Amino acid sequence: MLTNLPDTLKSRVHVAGIGVISAIGVSVNQTLQAFQHSRSGIGPINFLNTAHQHSLPVGEVKFSNDQLEKKLGVKPHLTRTALLGIHAAREAVAHARVNISNWRSGLISATTVGGMDKTENFFSEFLQDEQHGNLHDVINHECGKSTMLIADDLGINGFLSTINTACSSSVNAIMLGARLITQGMLDVVVAGGTDALTRFTLNGFNSLMILDSEPCRPFDATRNGLNLGEGAGFVVLVSDRVREQEAFDSLALVSGFANTNDAFHQTASSPDGRGPYSAMEQALKTSGLTTSDIDYINLHGTGTLNNDLSEGTAVKRLFGENLPALSSTKAFTGHTLGASGGIEAVFSVMSLMQQCVWPNLRFAEAMPELGIVPQKTVEHASVRNVMSNSFGFGGNCSSIIFSKA
Amino acid sequence: MVSVEIVLQLFFRKRSTMAIYIKGMGTISPQQSWGDETLLSQIMESNGDKLTCYEPEYEQWIDPKNLRRMSRIIKLGVTAGLMALKEADVTNPDGIITGTGYGCLDDTGIFLTKMVLNEEHALNPTPFIQSTHNTIGGQLALLLQCQHYNQTYTQGALSFENSLLDAVLQLQENPTKKLLIGGADEITEASHAIQKRFGFFKKELNSNLELFNAPDGTINGEGASFTVLSGAAGTHDKASIEAVQLFYKPSYAVLQNGIADALTQCGINPSEVDFVLSGKSGDERSDSMLKKAIAEMFASSSLGYFKHLCGEYPTASSFALWLAARILHEHHIPDAVIIHDTGRPVKNVLVLNQYFGTYYSLMLLQSCRATL
């Protein structure tokens, strides 16, 4: 893959720490318990102030902004996206036990809404009079601002970047982080994503008529749309040199990844899933693995008619009849948009650490077109390599492979 | 909270095994920057606190039935991308990498407005669909049927530089790739009204050409500029990129050392920099560190500015890259750009940008004619 680089510039990419916050818990431990007890986080809206409060279930993080601020001890009025991001990123860095200031460190975060949770409040007043609306509510609107706030909180010293390729964003963030480490530009990269629930996205997906008014049923024949979720997930990636000098065990390796475009439609996936297919195929190629090496696929699996059929078709085309264990964890968390790839990267690494595959909740009946039966219960298994998929608007498709260290 | 200073030494030709060549460019800006015109021969001048794009006839580039649904930033970005590909004679690039500070503001504003006015009911999904930052890259992929790598960065005024970084990483892996990278940002009525309230802009400016005459505030700007890059040299290359460096909240010492270090890594003395293109914005406070660094390090170089021509916006550095490459290719610095002319022939151009004193970047470009 990196044939043109001198050997001194090539490093393996280790996962040294993970951190996650979502509807099923505010830490890796809480998340693990939710998986073990098949406890879904989908439920009624408690904190988001919306007209759809009683009609649309979501995967909401069970803390208000005030509670998150207090928990984190940060200054008031940060956006929810930044609060969730700081929470998960701090957990990941603490878990990694790497002193960031000793190394060239970077933060690559993905988000699709940025500070929209505050901007949409501002807009109600602003629309009545352009001189109205509290400017403090738009100061952190830009997606990049949430990354600045997290970078400031962590004390990152070498690089910061924000990626917004819609729902595939976080996988692309981890991919960039892996490239920077492989090519020797950075030693430690905190990579993942964060997105808060907002009225903007809830109404956006509602206007597309792809939200299920019931808890979602990914890959099920009766699936009827997605539930939105929120949260953040980060992995701490480090080079061989960092791992050797700081002498810790690697949790997992980033062994392959790919980013492709479906180039079919602005929002819909192609029927044969050509973008998802080539993302998975190229990810395998860069890892040097074959389909039989993959023991678990964490699907994109939103629960929409279109995504699951397209993704399932691509998976079947690539893997044939011998499918590995596969599941969509969005039935637990909801679709956390730009954060989903980061959150599911954490789930993938947890799968390798625990030697477990996670269930696809609420599955009853296979899609008649494909007959794919996902993993129904949490189960111990020999997990060597995990593939995680993330696809988004704009045709963006990304797939990443984590391997046992 | 820790105070962070970030400097990323991204790419230096000397350390690396290859250079990066500019194969073609497409730029839509508040100036006549597309078509066959001589570089900045006629300067667009306007009064007020913003500069908006001088736009081409989009029908010449995009099918009218696709155009109808596109917001302005999508038209700007997609057309600039297509212009760059045409100039580079590339039909399907190996990747499309976009940077945008604010994303698709107009569609975002339309959806937000309707959402508030209709109290979250009966909303048209089109502006929502097109509000995500990756819409430009996604539309380019769709029009070109380009299934390759597709990426969108949004890190304030390092968004375009992040795209450049990505291209560097990919070209180090495979120098023969041809990548389309670009930056795009738009001004909307709402965004301008909000930014005005922050006091970002000069009041009562008679002409954008007077941007540097008063100390406080800058002028709002917008534009889309795309470039085709490759690690393999060709006969029609516009210029080569020798170094890229990013800074976030640097102290003066970090900035100055960073610039000096970049030149050292490239094997170039500050005195060999023939022309410095400065991202001076007209706001004295934002400009102070850059001004000091240029005065201390590049007293013998020619000096020029560009933000009186395109305005201030997060991806203004993509306009600067276009301008620097054109200057190198045509061996001529337009009168509207030059501030201090030493009369030196232009072989090395250093673009130093800053954005409200928070984000800084460095791009060193070299004439390809000199190396051929």
# chains A, B, ... in the order shown; residues from 1 in each chain; ligands from 1

$ interface_residues --of "chain A" --to "chain B" --cutoff "6 Å" --atoms "only C-alpha atoms" --output "list in words"
Leu2, Asn4, Gly144, Asp152, Asp153, Gly155, Asn157, Gly158, Phe159, Ser161, Thr162, Ile163, Asn164, Thr165, Gly204, Ser207, Leu208, Asn259, Thr260, Asn261, Asp262, Ala263 and Gly394 of chain A

$ write_last_selection --atoms "C-alpha atoms" --output "CSV table (one decimal), in the first residue's frame"
chain,number,residue,atom,x,y,z
A,2,LEU,CA,2.7,2.5,0.9
A,4,ASN,CA,6.7,4.8,-2.2
A,144,GLY,CA,-14.6,23.1,13.2
A,152,ASP,CA,-8.1,22.9,23.7
A,153,ASP,CA,-9.5,20.6,26.4
A,155,GLY,CA,-4.0,20.0,25.0
A,157,ASN,CA,-0.1,20.1,20.1
A,158,GLY,CA,0.3,19.0,16.5
A,159,PHE,CA,-2.7,19.0,14.3
A,161,SER,CA,-9.0,18.6,11.6
A,162,THR,CA,-12.7,18.3,11.2
A,163,ILE,CA,-14.4,16.0,8.6
A,164,ASN,CA,-17.9,16.3,7.4
A,165,THR,CA,-18.8,13.6,4.9
A,204,GLY,CA,-34.5,17.0,8.1
A,207,SER,CA,-39.0,15.5,5.9
A,208,LEU,CA,-37.3,12.7,4.0
A,259,ASN,CA,-13.2,5.5,1.1
A,260,THR,CA,-15.3,5.4,-2.1
A,261,ASN,CA,-18.2,7.1,-3.7
A,262,ASP,CA,-21.4,5.5,-4.8
A,263,ALA,CA,-21.9,8.3,-7.4
A,394,GLY,CA,-23.4,12.6,-1.1

$ residues_around --residues "Gly25 in chain A" --least-positions-apart "3" --cutoff "10 Å" --atoms "only C-alpha atoms" --output "list in words"
Val20, Ile21, Ser22, Val28, Asn29, Gln30, Thr31, Leu32, Gln33, Ala34, Gly41, Val61, Lys62, Gly231 and Thr333 of chain A

$ write_last_selection --atoms "N, CA and C atoms" --output "short mmCIF file (atom, residue, chain, number, x, y, z; two decimals), in the first residue's frame"
data_model
loop_
_atom_site.label_atom_id
_atom_site.label_comp_id
_atom_site.auth_asym_id
_atom_site.auth_seq_id
_atom_site.Cartn_x
_atom_site.Cartn_y
_atom_site.Cartn_z
N VAL A 20 -16.42 6.45 24.68
CA VAL A 20 -17.71 6.54 23.99
C VAL A 20 -18.78 7.08 24.92
N ILE A 21 -19.69 7.85 24.34
CA ILE A 21 -20.90 8.26 25.06
C ILE A 21 -22.05 8.17 24.05
N SER A 22 -23.12 7.53 24.48
CA SER A 22 -24.28 7.42 23.58
C SER A 22 -25.51 7.13 24.45
N VAL A 28 -17.25 3.25 28.23
CA VAL A 28 -17.08 1.93 27.61
C VAL A 28 -17.70 0.86 28.50
N ASN A 29 -17.51 0.98 29.82
CA ASN A 29 -18.07 -0.02 30.74
C ASN A 29 -19.59 -0.08 30.70
N GLN A 30 -20.22 1.10 30.75
CA GLN A 30 -21.69 1.14 30.69
C GLN A 30 -22.19 0.57 29.37
N THR A 31 -21.46 0.87 28.30
CA THR A 31 -21.84 0.38 26.97
C THR A 31 -21.79 -1.15 26.94
N LEU A 32 -20.72 -1.67 27.53
CA LEU A 32 -20.55 -3.13 27.56
C LEU A 32 -21.72 -3.79 28.31
N GLN A 33 -22.11 -3.18 29.43
CA GLN A 33 -23.25 -3.72 30.19
C GLN A 33 -24.53 -3.70 29.37
N ALA A 34 -24.73 -2.61 28.65
CA ALA A 34 -25.94 -2.51 27.81
C ALA A 34 -25.94 -3.61 26.75
N GLY A 41 -31.06 1.89 23.93
CA GLY A 41 -31.13 3.27 24.42
C GLY A 41 -32.21 4.08 23.73
N VAL A 61 -28.69 10.90 24.70
CA VAL A 61 -27.80 10.75 25.86
C VAL A 61 -28.56 11.25 27.09
N LYS A 62 -28.57 10.44 28.16
CA LYS A 62 -29.49 10.71 29.26
C LYS A 62 -29.01 11.80 30.23
N GLY A 231 -24.26 11.30 20.29
CA GLY A 231 -23.16 10.79 21.09
C GLY A 231 -21.83 11.11 20.46
N THR A 333 -28.31 2.39 19.73
CA THR A 333 -27.90 3.80 19.90
C THR A 333 -28.70 4.78 19.06
#

$ residues_around --residues "Ile108 in chain A" --least-positions-apart "4" --cutoff "9 Å" --atoms "only C-alpha atoms" --output "NGL selection string"
:A and (147 or 159-163 or 170 or 173-174 or 176-177 or 189-193)

$ write_last_selection --atoms "C-alpha atoms" --output "PDB file, in the first residue's frame"
ATOM      1  CA  THR A 147     -12.972  20.281  17.287  1.00  0.00           C
ATOM      2  CA  PHE A 159      -2.725  19.012  14.333  1.00  0.00           C
ATOM      3  CA  LEU A 160      -6.458  19.445  14.246  1.00  0.00           C
ATOM      4  CA  SER A 161      -8.966  18.648  11.571  1.00  0.00           C
ATOM      5  CA  THR A 162     -12.695  18.256  11.159  1.00  0.00           C
ATOM      6  CA  ILE A 163     -14.352  16.033   8.614  1.00  0.00           C
ATOM      7  CA  SER A 170     -15.926   9.486  11.593  1.00  0.00           C
ATOM      8  CA  ALA A 173     -11.407  10.810  10.515  1.00  0.00           C
ATOM      9  CA  ILE A 174      -9.851   7.563  11.764  1.00  0.00           C
ATOM     10  CA  LEU A 176      -6.767  10.246   8.103  1.00  0.00           C
ATOM     11  CA  GLY A 177      -5.351   9.663  11.579  1.00  0.00           C
ATOM     12  CA  VAL A 189      -3.978  10.855  17.046  1.00  0.00           C
ATOM     13  CA  VAL A 190      -7.305  11.099  18.812  1.00  0.00           C
ATOM     14  CA  ALA A 191      -9.815  10.326  16.067  1.00  0.00           C
ATOM     15  CA  GLY A 192     -13.555   9.842  15.897  1.00  0.00           C
ATOM     16  CA  GLY A 193     -16.608  12.012  15.896  1.00  0.00           C
TER      17      GLY A 193
END

$ atom_distance --atom1 "CA of Arg97 in chain A" --atom2 "CA of Leu251 in chain A"
12.4 Å

$ atom_distance --atom1 "CA of Ile297 in chain A" --atom2 "CA of Ser340 in chain A"
14.4 Å

$ atom_distance --atom1 "CA of Phe298 in chain B" --atom2 "CA of Glu272 in chain B"
9.2 Å

$ select_by_dssp --residues "range 230-339 of chain A" --states "alpha helix (DSSP H)" --output "VMD selection string"
chain A and resid 240 to 246 274 to 287 305 to 319 330 to 333

$ closest_residue --among "B:Asn213, B:Ser163, B:Gln60, B:Ser191" --to "Ile110 in chain B" --atoms "only C-alpha atoms"
B:Ser191

$ select_by_dssp --residues "range 130-371 of chain B" --states "strand (DSSP E)" --output "VMD selection string"
chain B and resid 149 to 153 178 to 185 223 to 230 239 to 248 275 to 278 302 to 305 338 to 340 348 to 355 359 to 366

$ residues_around --residues "Leu154 in chain A" --least-positions-apart "3" --cutoff "8 Å" --atoms "only C-alpha atoms" --output "ChimeraX atom specification"
/A:89-90,150-151 /B:2

$ residues_around --residues "range 100-103 of chain A" --least-positions-apart "6" --cutoff "7 Å" --atoms "only C-alpha atoms" --output "PyMOL selection string"
chain A and resi 156-157+187-188

$ write_last_selection --atoms "C-alpha atoms" --output "PDB file, in the first residue's frame"
ATOM      1  CA  ILE A 156      -3.417  18.709  21.503  1.00  0.00           C
ATOM      2  CA  ASN A 157      -0.139  20.111  20.121  1.00  0.00           C
ATOM      3  CA  ASP A 187       2.761  10.037  16.945  1.00  0.00           C
ATOM      4  CA  VAL A 188      -0.624  10.100  18.651  1.00  0.00           C
TER       5      VAL A 188
END
